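Down below is the structure, laid out as structure tokens.
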Amino acid sequence: MNIEPRQAFRAFMKYQLENGEAVAELGLKKEDIEKFILNAEDDMFFFDKIDDFLKEYIEDFGENYGIDIPLEE
């Protein structure tokens, strides 16, 4: 299966925004979700924050996924 990156991003974000427990508490409408996705896909600050989150998460919990991060000296 070969999926275009923007299409994959949109599908993932739509799923997360519609089904994420914490996000559901915001009461976003379908139009809000679409607006967010369209703006987030070109927002480098958004991607920087995701990168920071993923880095921290992998550092903290990578072992749970079989990822061995060498300790910094």
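Each chain in the structure tokens gets a letter, A, B and so on, in the order shown; residues start at 1 in every chain, and ligands are counted from 1 in the order they appear.
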Spatial neighbours of Lys29 in chain A, max dist 12 Å, only C-alpha atoms, sep filter under 6 positions, as a ChimeraX atom specification: /A:14,17-18,23,35-36
Can I get the selection written as a short mmCIF file (atom, residue, chain, number, x, y, z; two decimals), in the first residue's frame, with N, CA, C and O atoms?
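Dumped to selection36.cif:
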```cif
data_model
loop_
_atom_site.label_atom_id
_atom_site.label_comp_id
_atom_site.auth_asym_id
_atom_site.auth_seq_id
_atom_site.Cartn_x
_atom_site.Cartn_y
_atom_site.Cartn_z
N LYS A 14 -7.43 13.08 11.94
CA LYS A 14 -8.89 12.99 12.04
C LYS A 14 -9.27 11.91 13.04
O LYS A 14 -10.13 12.13 13.90
N LEU A 17 -8.37 13.20 16.60
CA LEU A 17 -9.24 14.29 17.05
C LEU A 17 -10.67 13.83 17.29
O LEU A 17 -11.37 14.36 18.15
N GLU A 18 -11.12 12.85 16.55
CA GLU A 18 -12.49 12.35 16.74
C GLU A 18 -12.58 11.33 17.87
O GLU A 18 -13.63 11.20 18.50
N VAL A 23 -9.15 14.99 23.83
CA VAL A 23 -9.62 15.93 22.81
C VAL A 23 -11.15 15.95 22.77
O VAL A 23 -11.75 17.00 22.55
N LYS A 35 -10.75 22.24 10.06
CA LYS A 35 -9.94 23.47 10.08
C LYS A 35 -8.59 23.22 10.74
O LYS A 35 -7.56 23.66 10.25
N PHE A 36 -8.62 22.52 11.86
CA PHE A 36 -7.38 22.23 12.57
C PHE A 36 -6.42 21.43 11.69
O PHE A 36 -5.24 21.76 11.57
#
```
With a distance cut-off of 8 Å and only C-alpha atoms, select the neighbouring residues of range 1-7 of chain A, excluding the residue or stretch itself and same-chain residues fewer than 3 positions from it, and output the selection as a tab-separated table (two decimals) with N, CA and C atoms, in the first residue's frame.
```tsv
chain	number	residue	atom	x	y	z
A	10	ARG	N	-3.60	13.47	7.43
A	10	ARG	CA	-5.00	13.88	7.63
A	10	ARG	C	-5.83	12.76	8.26
A	11	ALA	N	-5.63	11.53	7.78
A	11	ALA	CA	-6.39	10.40	8.31
A	11	ALA	C	-6.04	10.15	9.77
A	41	GLU	N	-1.24	20.86	9.15
A	41	GLU	CA	-0.34	20.13	8.24
A	41	GLU	C	0.76	21.00	7.65
```
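As for CA of Asn64 in chain A and CA of Glu21 in chain A, they are spaced 22.3 Å apart.
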